[in-house]
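One file, protein_25.pdb, is given below (PDB, C-alpha atoms).
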ATOM      1  CA  MET V   1      75.822  47.507   3.965
ATOM      2  CA  PRO V   2      78.028  46.148   6.795
ATOM      3  CA  GLY V   3      76.771  47.035  10.263
ATOM      4  CA  LEU V   4      77.720  46.046  13.802
ATOM      5  CA  MET V   5      74.480  44.485  14.991
ATOM      6  CA  ILE V   6      72.952  43.152  18.164
ATOM      7  CA  LYS V   7      71.070  39.970  17.312
ATOM      8  CA  GLU V   8      70.759  38.387  20.754
ATOM      9  CA  LEU V   9      70.897  39.896  24.232
ATOM     10  CA  LYS V  10      74.049  39.261  26.285
ATOM     11  CA  SER V  11      75.833  38.016  23.171
ATOM     12  CA  PRO V  12      78.680  39.584  21.158
ATOM     13  CA  LEU V  13      77.755  42.033  18.434
ATOM     14  CA  GLU V  14      77.970  40.668  14.890
ATOM     15  CA  LEU V  15      79.337  42.460  11.840
ATOM     16  CA  SER V  16      76.710  41.610   9.239
ATOM     17  CA  ASP V  17      75.340  42.964   5.978
ATOM     18  CA  TYR V  18      71.902  44.550   6.171
ATOM     19  CA  ASP V  19      69.546  46.287   3.755
ATOM     20  CA  LEU V  20      69.333  50.074   4.034
ATOM     21  CA  GLY V  21      66.161  50.176   1.985
ATOM     22  CA  ASP V  22      65.079  53.045  -0.235
ATOM     23  CA  LEU V  23      66.099  56.597   0.628
ATOM     24  CA  LYS V  24      62.947  58.423   1.710
ATOM     25  CA  PRO V  25      62.115  62.062   0.941
ATOM     26  CA  GLY V  26      63.523  64.286   3.677
ATOM     27  CA  TYR V  27      66.324  61.814   4.428
ATOM     28  CA  ALA V  28      70.024  61.791   3.528
ATOM     29  CA  LYS V  29      72.446  58.940   2.981
ATOM     30  CA  ILE V  30      75.603  59.294   5.072
ATOM     31  CA  GLU V  31      78.965  57.681   4.444
ATOM     32  CA  VAL V  32      79.980  57.205   8.086
ATOM     33  CA  LYS V  33      83.617  58.046   8.818
ATOM     34  CA  ALA V  34      83.611  57.487  12.588
ATOM     35  CA  ALA V  35      81.197  56.501  15.351
ATOM     36  CA  ALA V  36      81.449  56.593  19.133
ATOM     37  CA  LEU V  37      80.219  54.400  21.970
ATOM     38  CA  ASN V  38      77.912  55.395  24.793
ATOM     39  CA  HIS V  39      76.954  53.464  27.893
ATOM     40  CA  ARG V  40      73.483  52.951  26.417
ATOM     41  CA  ASP V  41      75.087  50.702  23.769
ATOM     42  CA  TYR V  42      76.382  48.390  26.486
ATOM     43  CA  TRP V  43      73.134  48.555  28.481
ATOM     44  CA  ILE V  44      71.186  47.560  25.363
ATOM     45  CA  THR V  45      73.366  44.471  24.894
ATOM     46  CA  GLN V  46      72.514  43.476  28.460
ATOM     47  CA  GLY V  47      68.768  44.005  28.011
ATOM     48  CA  MET V  48      68.838  46.987  30.404
ATOM     49  CA  TYR V  49      66.944  49.380  28.125
ATOM     50  CA  PRO V  50      63.270  49.803  27.237
ATOM     51  CA  GLY V  51      61.809  48.951  23.849
ATOM     52  CA  ILE V  52      64.645  46.796  22.539
ATOM     53  CA  GLU V  53      64.062  45.532  18.989
ATOM     54  CA  LEU V  54      66.310  42.856  17.439
ATOM     55  CA  PRO V  55      68.269  42.704  15.221
ATOM     56  CA  LYS V  56      69.498  46.293  15.191
ATOM     57  CA  VAL V  57      72.624  48.256  14.280
ATOM     58  CA  LEU V  58      73.777  50.016  17.449
ATOM     59  CA  GLY V  59      75.398  53.431  17.803
ATOM     60  CA  SER V  60      74.066  56.901  18.600
ATOM     61  CA  ASP V  61      77.108  59.009  17.712
ATOM     62  CA  GLY V  62      78.455  59.484  14.224
ATOM     63  CA  ALA V  63      80.044  61.803  11.685
ATOM     64  CA  GLY V  64      80.407  61.454   7.942
ATOM     65  CA  ILE V  65      79.729  62.788   4.442
ATOM     66  CA  VAL V  66      76.357  63.217   2.748
ATOM     67  CA  THR V  67      76.435  61.154  -0.461
ATOM     68  CA  GLU V  68      72.774  61.238  -1.490
ATOM     69  CA  VAL V  69      69.544  63.023  -0.565
ATOM     70  CA  GLY V  70      65.953  61.911  -0.982
ATOM     71  CA  SER V  71      64.562  65.320  -1.959
ATOM     72  CA  ASP V  72      65.740  67.942  -4.452
ATOM     73  CA  ASP V  73      65.146  70.609  -1.820
ATOM     74  CA  ASP V  74      68.009  69.128   0.229
ATOM     75  CA  LYS V  75      70.683  69.079  -2.497
ATOM     76  CA  SER V  76      72.700  71.733  -0.646
ATOM     77  CA  TRP V  77      73.709  68.994   1.807
ATOM     78  CA  LEU V  78      75.393  66.861  -0.867
ATOM     79  CA  ASN V  79      79.100  66.233  -0.179
ATOM     80  CA  GLN V  80      78.881  68.129   3.120
ATOM     81  CA  GLU V  81      80.811  66.914   6.183
ATOM     82  CA  VAL V  82      78.250  66.488   8.956
ATOM     83  CA  ILE V  83      77.546  65.262  12.432
ATOM     84  CA  ILE V  84      74.190  63.786  13.409
ATOM     85  CA  ASN V  85      71.936  64.913  16.227
ATOM     86  CA  PRO V  86      71.103  61.579  17.939
ATOM     87  CA  GLY V  87      67.946  62.897  19.618
ATOM     88  CA  TRP V  88      64.937  62.630  17.306
ATOM     89  CA  ASP V  89      61.483  64.194  17.739
ATOM     90  CA  TRP V  90      62.195  66.203  20.892
ATOM     91  CA  GLY V  91      59.066  68.267  20.288
ATOM     92  CA  THR V  92      58.219  71.948  20.752
ATOM     93  CA  ASN V  93      58.562  72.139  24.542
ATOM     94  CA  GLU V  94      62.095  73.171  25.506
ATOM     95  CA  ALA V  95      61.413  72.178  29.119
ATOM     96  CA  ALA V  96      61.131  68.438  28.368
ATOM     97  CA  GLN V  97      61.132  65.929  25.523
ATOM     98  CA  SER V  98      57.896  64.768  23.896
ATOM     99  CA  ALA V  99      56.404  61.285  24.155
ATOM    100  CA  ASP V 100      57.693  60.666  20.606
ATOM    101  CA  PHE V 101      61.337  61.343  21.524
ATOM    102  CA  THR V 102      63.726  58.580  20.451
ATOM    103  CA  ILE V 103      67.485  58.139  20.289
ATOM    104  CA  LEU V 104      69.459  56.990  17.268
ATOM    105  CA  GLY V 105      70.710  53.397  17.622
ATOM    106  CA  MET V 106      67.516  51.978  19.179
ATOM    107  CA  PRO V 107      64.843  51.800  17.922
ATOM    108  CA  HIS V 108      66.431  53.222  14.735
ATOM    109  CA  ASN V 109      69.439  51.539  13.137
ATOM    110  CA  GLY V 110      72.486  53.418  14.339
ATOM    111  CA  THR V 111      75.957  54.616  13.438
ATOM    112  CA  PHE V 112      78.032  51.430  13.743
ATOM    113  CA  THR V 113      77.948  50.992   9.973
ATOM    114  CA  SER V 114      79.538  52.203   6.760
ATOM    115  CA  HIS V 115      76.385  53.949   5.478
ATOM    116  CA  MET V 116      73.082  55.021   6.995
ATOM    117  CA  HIS V 117      69.904  56.997   6.303
ATOM    118  CA  VAL V 118      68.937  59.852   8.648
ATOM    119  CA  PRO V 119      66.457  62.750   8.495
ATOM    120  CA  VAL V 120      68.057  65.845   6.989
ATOM    121  CA  GLU V 121      66.757  67.860   9.950
ATOM    122  CA  THR V 122      69.138  65.942  12.246
ATOM    123  CA  LEU V 123      72.233  67.028  10.300
ATOM    124  CA  ARG V 124      74.607  69.808  11.290
ATOM    125  CA  PRO V 125      77.910  70.835   9.688
ATOM    126  CA  LYS V 126      80.931  69.166  11.280
ATOM    127  CA  PRO V 127      83.017  71.689  13.237
ATOM    128  CA  LYS V 128      86.006  72.386  11.010
ATOM    129  CA  HIS V 129      88.612  72.112  13.762
ATOM    130  CA  LEU V 130      87.597  68.559  14.689
ATOM    131  CA  SER V 131      88.917  65.305  13.252
ATOM    132  CA  TRP V 132      86.401  62.653  12.229
ATOM    133  CA  GLU V 133      87.017  60.810  15.491
ATOM    134  CA  GLU V 134      86.559  63.952  17.588
ATOM    135  CA  ALA V 135      83.413  64.908  15.693
ATOM    136  CA  ALA V 136      81.920  61.448  16.239
ATOM    137  CA  ALA V 137      82.669  61.728  19.961
ATOM    138  CA  LEU V 138      80.670  64.924  20.330
ATOM    139  CA  PRO V 139      76.895  64.536  19.674
ATOM    140  CA  LEU V 140      75.232  62.571  22.497
ATOM    141  CA  ALA V 141      77.718  63.403  25.252
ATOM    142  CA  GLY V 142      78.013  66.983  24.036
ATOM    143  CA  VAL V 143      74.313  67.792  23.977
ATOM    144  CA  THR V 144      73.804  66.047  27.334
ATOM    145  CA  ALA V 145      76.677  67.968  28.929
ATOM    146  CA  PHE V 146      75.501  71.256  27.425
ATOM    147  CA  ARG V 147      71.939  70.875  28.657
ATOM    148  CA  ALA V 148      73.155  69.801  32.107
ATOM    149  CA  THR V 149      75.582  72.688  32.551
ATOM    150  CA  MET V 150      74.069  75.517  30.515
ATOM    151  CA  SER V 151      70.343  75.001  29.868
ATOM    152  CA  GLN V 152      69.322  73.265  33.087
ATOM    153  CA  GLY V 153      72.314  74.197  35.246
ATOM    154  CA  GLN V 154      72.367  77.876  34.167
ATOM    155  CA  LEU V 155      76.130  77.990  34.759
ATOM    156  CA  ARG V 156      77.680  81.437  34.647
ATOM    157  CA  PRO V 157      81.301  82.628  34.355
ATOM    158  CA  GLY V 158      83.024  82.810  37.719
ATOM    159  CA  GLU V 159      80.758  80.284  39.420
ATOM    160  CA  LYS V 160      82.062  77.180  41.135
ATOM    161  CA  VAL V 161      80.985  73.842  39.656
ATOM    162  CA  LEU V 162      81.609  70.256  40.733
ATOM    163  CA  VAL V 163      81.491  67.506  38.095
ATOM    164  CA  SER V 164      81.241  64.038  39.613
ATOM    165  CA  GLY V 165      82.598  60.809  38.140
ATOM    166  CA  ILE V 166      85.085  62.414  35.781
ATOM    167  CA  GLY V 167      86.267  60.237  32.913
ATOM    168  CA  GLY V 168      83.015  59.484  31.128
ATOM    169  CA  GLY V 169      82.194  61.344  27.946
ATOM    170  CA  VAL V 170      79.469  63.577  29.401
ATOM    171  CA  ALA V 171      81.401  64.445  32.554
ATOM    172  CA  THR V 172      84.562  65.242  30.613
ATOM    173  CA  LEU V 173      82.737  67.540  28.198
ATOM    174  CA  ALA V 174      80.888  69.178  31.102
ATOM    175  CA  LEU V 175      84.314  69.984  32.574
ATOM    176  CA  GLN V 176      85.536  71.360  29.253
ATOM    177  CA  PHE V 177      82.405  73.466  28.701
ATOM    178  CA  ALA V 178      82.572  74.909  32.212
ATOM    179  CA  VAL V 179      86.262  75.781  31.902
ATOM    180  CA  ALA V 180      85.638  77.351  28.493
ATOM    181  CA  ILE V 181      83.106  79.873  29.826
ATOM    182  CA  GLY V 182      85.278  80.806  32.804
ATOM    183  CA  ALA V 183      83.811  78.749  35.643
ATOM    184  CA  GLU V 184      85.971  77.284  38.413
ATOM    185  CA  VAL V 185      85.742  73.494  38.282
ATOM    186  CA  ALA V 186      86.383  70.656  40.710
ATOM    187  CA  VAL V 187      85.862  66.983  39.910
ATOM    188  CA  THR V 188      85.501  63.641  41.663
ATOM    189  CA  SER V 189      86.671  60.134  40.794
ATOM    190  CA  SER V 190      87.896  57.014  42.561
ATOM    191  CA  LYS V 191      90.930  56.936  40.228
ATOM    192  CA  PRO V 192      93.875  59.275  41.013
ATOM    193  CA  GLU V 193      94.993  59.137  37.371
ATOM    194  CA  LYS V 194      91.593  60.454  36.234
ATOM    195  CA  LEU V 195      91.795  63.319  38.706
ATOM    196  CA  ALA V 196      95.238  64.161  37.322
ATOM    197  CA  LYS V 197      93.964  64.136  33.718
ATOM    198  CA  ALA V 198      91.052  66.378  34.702
ATOM    199  CA  LYS V 199      93.485  68.949  36.071
ATOM    200  CA  GLU V 200      95.286  68.917  32.713
ATOM    201  CA  LEU V 201      91.944  69.933  31.180
ATOM    202  CA  GLY V 202      91.524  72.851  33.572
ATOM    203  CA  ALA V 203      90.037  71.471  36.786
ATOM    204  CA  VAL V 204      91.446  73.289  39.807
ATOM    205  CA  ALA V 205      90.732  70.501  42.310
ATOM    206  CA  GLY V 206      89.938  66.794  42.414
ATOM    207  CA  TYR V 207      88.581  64.538  45.160
ATOM    208  CA  ASN V 208      88.339  60.792  45.630
ATOM    209  CA  TYR V 209      84.688  60.116  46.418
ATOM    210  CA  ARG V 210      85.609  56.854  48.162
ATOM    211  CA  GLU V 211      87.415  58.777  50.883
ATOM    212  CA  GLU V 212      85.326  59.402  53.989
ATOM    213  CA  ASN V 213      84.181  63.004  54.319
ATOM    214  CA  TRP V 214      85.671  64.002  50.958
ATOM    215  CA  HIS V 215      82.884  66.545  50.623
ATOM    216  CA  LYS V 216      83.937  68.308  53.818
ATOM    217  CA  LYS V 217      87.496  68.548  52.487
ATOM    218  CA  ALA V 218      86.142  69.946  49.212
ATOM    219  CA  ALA V 219      84.069  72.549  51.053
ATOM    220  CA  GLU V 220      87.152  73.710  52.948
ATOM    221  CA  GLU V 221      89.592  73.733  50.029
ATOM    222  CA  PHE V 222      87.480  74.430  46.944
ATOM    223  CA  GLY V 223      84.408  76.004  48.482
ATOM    224  CA  ARG V 224      80.730  75.171  48.073
ATOM    225  CA  PRO V 225      79.742  74.734  44.408
ATOM    226  CA  ASN V 226      77.008  76.843  42.858
ATOM    227  CA  LEU V 227      76.385  73.941  40.473
ATOM    228  CA  ILE V 228      76.921  70.200  40.843
ATOM    229  CA  VAL V 229      76.630  67.981  37.744
ATOM    230  CA  ASP V 230      76.102  64.337  38.697
ATOM    231  CA  SER V 231      75.229  61.032  37.027
ATOM    232  CA  ALA V 232      75.530  58.653  39.971
ATOM    233  CA  ALA V 233      72.937  59.603  42.634
ATOM    234  CA  GLY V 234      72.880  56.624  45.048
ATOM    235  CA  LYS V 235      74.368  56.730  48.512
ATOM    236  CA  GLY V 236      76.745  59.587  47.641
ATOM    237  CA  TYR V 237      73.905  61.967  46.819
ATOM    238  CA  ALA V 238      73.663  62.967  50.462
ATOM    239  CA  ASN V 239      77.209  64.338  50.292
ATOM    240  CA  LEU V 240      76.297  66.454  47.279
ATOM    241  CA  ILE V 241      73.330  67.977  49.108
ATOM    242  CA  ALA V 242      75.585  68.730  52.075
ATOM    243  CA  LEU V 243      78.244  70.274  49.825
ATOM    244  CA  ALA V 244      76.116  72.506  47.589
ATOM    245  CA  ALA V 245      76.234  76.240  48.183
ATOM    246  CA  PRO V 246      73.120  77.974  49.530
ATOM    247  CA  GLY V 247      70.882  78.568  46.522
ATOM    248  CA  GLY V 248      72.888  76.000  44.574
ATOM    249  CA  ARG V 249      71.730  73.673  41.790
ATOM    250  CA  ILE V 250      72.279  69.923  41.562
ATOM    251  CA  VAL V 251      71.669  68.604  38.058
ATOM    252  CA  ASN V 252      71.390  64.857  37.461
ATOM    253  CA  TYR V 253      71.630  63.248  34.025
ATOM    254  CA  GLY V 254      71.667  59.695  35.406
ATOM    255  CA  ALA V 255      71.525  57.489  38.468
ATOM    256  CA  THR V 256      74.113  54.811  37.764
ATOM    257  CA  THR V 257      74.390  53.775  41.425
ATOM    258  CA  GLY V 258      70.634  53.755  41.980
ATOM    259  CA  PRO V 259      68.285  56.065  43.866
ATOM    260  CA  PRO V 260      69.539  58.057  46.877
ATOM    261  CA  GLU V 261      69.159  56.225  50.186
ATOM    262  CA  THR V 262      67.766  59.374  51.777
ATOM    263  CA  ILE V 263      67.285  63.024  50.870
ATOM    264  CA  ASP V 264      67.771  65.491  53.711
ATOM    265  CA  MET V 265      64.834  67.727  52.909
ATOM    266  CA  PHE V 266      65.762  70.092  55.736
ATOM    267  CA  LYS V 267      69.018  70.937  53.961
ATOM    268  CA  VAL V 268      67.189  71.171  50.633
ATOM    269  CA  PHE V 269      64.640  73.736  51.754
ATOM    270  CA  TRP V 270      66.766  75.579  54.304
ATOM    271  CA  ASN V 271      69.616  76.045  51.809
ATOM    272  CA  GLN V 272      67.181  76.906  48.989
ATOM    273  CA  LEU V 273      68.616  74.140  46.796
ATOM    274  CA  LYS V 274      67.326  73.256  43.344
ATOM    275  CA  LEU V 275      67.348  69.544  42.423
ATOM    276  CA  ILE V 276      67.096  69.319  38.629
ATOM    277  CA  GLY V 277      66.750  66.417  36.237
ATOM    278  CA  THR V 278      68.014  66.416  32.668
ATOM    279  CA  THR V 279      68.586  64.052  29.753
ATOM    280  CA  MET V 280      69.975  64.496  26.232
ATOM    281  CA  GLY V 281      68.770  67.814  24.809
ATOM    282  CA  SER V 282      66.592  69.668  22.333
ATOM    283  CA  THR V 283      67.492  70.867  18.855
ATOM    284  CA  ALA V 284      68.217  74.269  20.407
ATOM    285  CA  ASP V 285      70.548  72.623  22.940
ATOM    286  CA  PHE V 286      72.362  70.805  20.128
ATOM    287  CA  ARG V 287      72.792  74.062  18.227
ATOM    288  CA  GLY V 288      73.981  75.857  21.381
ATOM    289  CA  MET V 289      76.473  73.093  22.086
ATOM    290  CA  LEU V 290      77.952  73.340  18.598
ATOM    291  CA  ASN V 291      78.202  77.132  18.886
ATOM    292  CA  LEU V 292      80.133  76.748  22.158
ATOM    293  CA  VAL V 293      82.426  74.101  20.659
ATOM    294  CA  ASP V 294      83.105  76.282  17.607
ATOM    295  CA  LYS V 295      83.668  79.472  19.598
ATOM    296  CA  HIS V 296      86.209  77.938  21.964
ATOM    297  CA  GLU V 297      87.534  75.261  19.564
ATOM    298  CA  ILE V 298      86.815  72.587  22.160
ATOM    299  CA  ARG V 299      88.051  69.101  21.290
ATOM    300  CA  PRO V 300      86.356  66.072  22.863
ATOM    301  CA  VAL V 301      88.809  63.820  24.661
ATOM    302  CA  ILE V 302      89.371  60.511  22.852
ATOM    303  CA  ASP V 303      90.200  57.567  25.071
ATOM    304  CA  GLN V 304      90.889  54.934  22.411
ATOM    305  CA  VAL V 305      90.071  54.272  18.751
ATOM    306  CA  PHE V 306      89.023  50.844  17.459
ATOM    307  CA  SER V 307      88.019  49.574  14.039
ATOM    308  CA  LEU V 308      84.418  48.637  13.329
ATOM    309  CA  ALA V 309      85.413  44.956  13.438
ATOM    310  CA  GLN V 310      86.783  45.533  16.959
ATOM    311  CA  GLY V 311      83.423  46.737  18.265
ATOM    312  CA  ASN V 312      83.196  44.045  20.928
ATOM    313  CA  GLU V 313      86.644  44.977  22.246
ATOM    314  CA  ALA V 314      85.477  48.583  22.441
ATOM    315  CA  LEU V 315      82.363  47.544  24.392
ATOM    316  CA  SER V 316      84.533  45.503  26.739
ATOM    317  CA  ARG V 317      86.667  48.553  27.499
ATOM    318  CA  MET V 318      83.543  50.550  28.268
ATOM    319  CA  GLU V 319      82.264  47.801  30.559
ATOM    320  CA  GLN V 320      85.526  47.896  32.524
ATOM    321  CA  GLY V 321      85.073  51.619  33.204
ATOM    322  CA  GLU V 322      88.743  52.491  32.787
ATOM    323  CA  GLN V 323      88.292  54.999  29.962
ATOM    324  CA  PHE V 324      88.901  58.726  30.156
ATOM    325  CA  GLY V 325      86.916  60.380  27.406
ATOM    326  CA  LYS V 326      85.155  58.750  24.478
ATOM    327  CA  ILE V 327      85.729  55.352  22.889
ATOM    328  CA  VAL V 328      85.541  55.692  19.115
ATOM    329  CA  LEU V 329      85.140  53.358  16.134
ATOM    330  CA  ARG V 330      86.928  54.338  12.937
ATOM    331  CA  ILE V 331      84.799  53.121  10.023
TER     332      ILE V 331
END

Show this structure as structure tokens.
Amino acid sequence: MPGLMIKELKSPLELSDYDLGDLKPGYAKIEVKAAALNHRDYWITQGMYPGIELPKVLGSDGAGIVTEVGSDDDKSWLNQEVIINPGWDWGTNEAAQSADFTILGMPHNGTFTSHMHVPVETLRPKPKHLSWEEAAALPLAGVTAFRATMSQGQLRPGEKVLVSGIGGGVATLALQFAVAIGAEVAVTSSKPEKLAKAKELGAVAGYNYREENWHKKAAEEFGRPNLIVDSAAGKGYANLIALAAPGGRIVNYGATTGPPETIDMFKVFWNQLKLIGTTMGSTADFRGMLNLVDKHEIRPVIDQVFSLAQGNEALSRMEQGEQFGKIVLRI
């Protein structure tokens, strides 16, 4: 089977044939129709990820058709259009993933391929209103955004929420999920065009985080958020603590600019703030995300679609950070 593989770190991916092996009981063979990129794919190519095994087919997000199953008990999945839950072996504790938790695309061969084998338990029906490209854009970013906003963030209709760094897949879906349930959403970005696109998706305000005292302007115009969803941390985290409403929640699903320089613990305890970590999501989170997407017919935002052979061009676009929404590979 052709797959877009990483064979050496800091080198271009190679489109090469590889052996799928025998289909195991409890697994299904998927004809992949579309796959989507995540930042982890780029970080893996740069060696910035634990437990890297080479060579490996990358890709955590995918959607396709079940063409074969390894067990007679799973025949009901045959010919079904599906998306794949990229989080494997979460465990029984909803509060946090188990030590066995892994993500599709490393250490397992991933979705940048024409066909793949996955456990049947990771399959879910593709939402009928989504195209193949939209369905492929949903799994990893969708479950991460859902857990950040709903499970960990406990967002409720009518609350104010700030989503930082709008434009990435998780942030964009967090905005869409929050708007869908009736929250009032503001966003941040350093790009005016991204702020404008966010308003088209329902954001009521947008702020350039490179502007001095942007958080004070946000507090005056938008108000203090009940929930802040952030992936950056770093130096700007102090502004988020200053901006959050008394009793507010700050949920972090990443720290792309590094650890905070300082944390004003006086503001944290005096304002009764909750600082919450999150990553990916459980099977229940994945199911809840799909229910929300189906109910409100939410469509993930697609930035650009490439062919599988153009995978390195797609990674280059992600590296540049200019995208708004998900970068997708059409298989």

The PyMOL selection byres ((chain V and resi 114) around 7) - which residues does that actually catch in the file I just gave you? List them as a ChimeraX atom specification. /V:1-3,31-32,113,115,331

With only C-alpha atoms as the counted atoms, please give the residues lying no more than 9 Å from Phe146 (chain V), apart from itself and same-chain residues fewer than 6 positions off, as a ChimeraX atom specification. /V:152-153,170,173-174,177,280-281,285-286,288-289,292

Create the file for the chosen residues now, containing C-alpha atoms and written as a short mmCIF file (atom, residue, chain, number, x, y, z; two decimals), keeping the file's coordinate frame.
data_model
loop_
_atom_site.label_atom_id
_atom_site.label_comp_id
_atom_site.auth_asym_id
_atom_site.auth_seq_id
_atom_site.Cartn_x
_atom_site.Cartn_y
_atom_site.Cartn_z
CA GLN V 152 69.32 73.26 33.09
CA GLY V 153 72.31 74.20 35.25
CA VAL V 170 79.47 63.58 29.40
CA LEU V 173 82.74 67.54 28.20
CA ALA V 174 80.89 69.18 31.10
CA PHE V 177 82.40 73.47 28.70
CA MET V 280 69.97 64.50 26.23
CA GLY V 281 68.77 67.81 24.81
CA ASP V 285 70.55 72.62 22.94
CA PHE V 286 72.36 70.81 20.13
CA GLY V 288 73.98 75.86 21.38
CA MET V 289 76.47 73.09 22.09
CA LEU V 292 80.13 76.75 22.16
#

Nearest to Lys75 (chain V): which of V:Pro25, V:Gly168, V:Pro107, V:Gly254 is it, counting only C-alpha atoms? V:Pro25

A straight line from CA of His215 (chain V) to CA of Gly321 (chain V) spans 23.0 Å

CA of Ala96 (chain V) to CA of Thr278 (chain V): how many Å, to one decimal?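 Spanning CA of Ala96 (chain V) to CA of Thr278 (chain V) is a straight-line distance of 8.4 Å.
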
Pull out every residue that the PyMOL selection byres ((chain V and resi 295-307) around 9) matches in the shown coordinates and put them as an MDAnalysis selection string. chainID V and resid 36 127 129:131 133:135 137:138 142 169 172:173 176:177 180:181 290:294 308:311 313:314 323:331

Quick one: residues within 7 Å of Leu275 (chain V), all atoms listed in the file, excluding same-chain residues fewer than 4 positions away - as a ChimeraX atom specification? /V:249-251

Can you write just those residues out, C-alpha atoms, as a CSV table (one decimal), in the frame of the given file?
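Written file, result_3.csv:
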chain,number,residue,atom,x,y,z
V,249,ARG,CA,71.7,73.7,41.8
V,250,ILE,CA,72.3,69.9,41.6
V,251,VAL,CA,71.7,68.6,38.1

Ranking V:Gly51, V:Gly247, V:Gly87, V:Gly182 by minimum distance to Leu273 (chain V) and counting all atoms listed in the file, which one comes first?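 Using all atoms listed in the file, Leu273 (chain V) sits closest to V:Gly247.
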
Find the residues around Asn85 (chain V) up to 10 Å (only C-alpha atoms counted), leave out those fewer than 3 positions away in its own chain, and share them as a PyMOL selection string. chain V and resi 60-63+82+88+103-104+118-119+121-124+138-140+143+281-283+286-287

For Ser231 (chain V), which of V:Ala186, V:Met116, V:Val163, V:Val268 is the closest residue, counting only C-alpha atoms?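 Looking at the shortest contact to Ser231 (chain V), the residue is V:Val163.
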
Grab the CA of Glu200 (chain V) to CA of Gly234 (chain V) distance for me, in Å with one decimal place.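 A separation of 28.4 Å between them.
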
Proximity to Lys267 (chain V) - best of V:Ser98, V:Asn239, V:Asn252, V:Ser189, all atoms listed in the file: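 Of V:Ser98, V:Asn239, V:Asn252, V:Ser189, the one nearest Lys267 (chain V), counting all atoms listed in the file, is V:Asn239.
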
Using only C-alpha atoms, which residue out of V:Leu23, V:Ile84, V:Ile263, V:Leu201 lies closest to Lys235 (chain V)?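 Of V:Leu23, V:Ile84, V:Ile263, V:Leu201, the one nearest Lys235 (chain V) is V:Ile263, counting only C-alpha atoms.
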
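With the shown file loaded, the PyMOL selection byres ((chain V and resi 209-211) around 6) picks out Thr188, Ser189, Ser190, Asn208, Glu212 and Trp214 of chain V.
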
Nearest to Gln46 (chain V): which of V:Asn109, V:Thr67, V:Ser11, V:Asn271 is it, counting all atoms listed in the file?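 Using all atoms listed in the file, Gln46 (chain V) sits closest to V:Ser11.
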
Test item: residues at most 12 Å from Thr256 (chain V), only C-alpha atoms, excluding those fewer than 4 positions along its chain, as JSON, numbers by chain: {"V": [39, 40, 43, 48, 164, 165, 230, 231, 232, 233, 234, 235, 236, 237, 252, 260]}
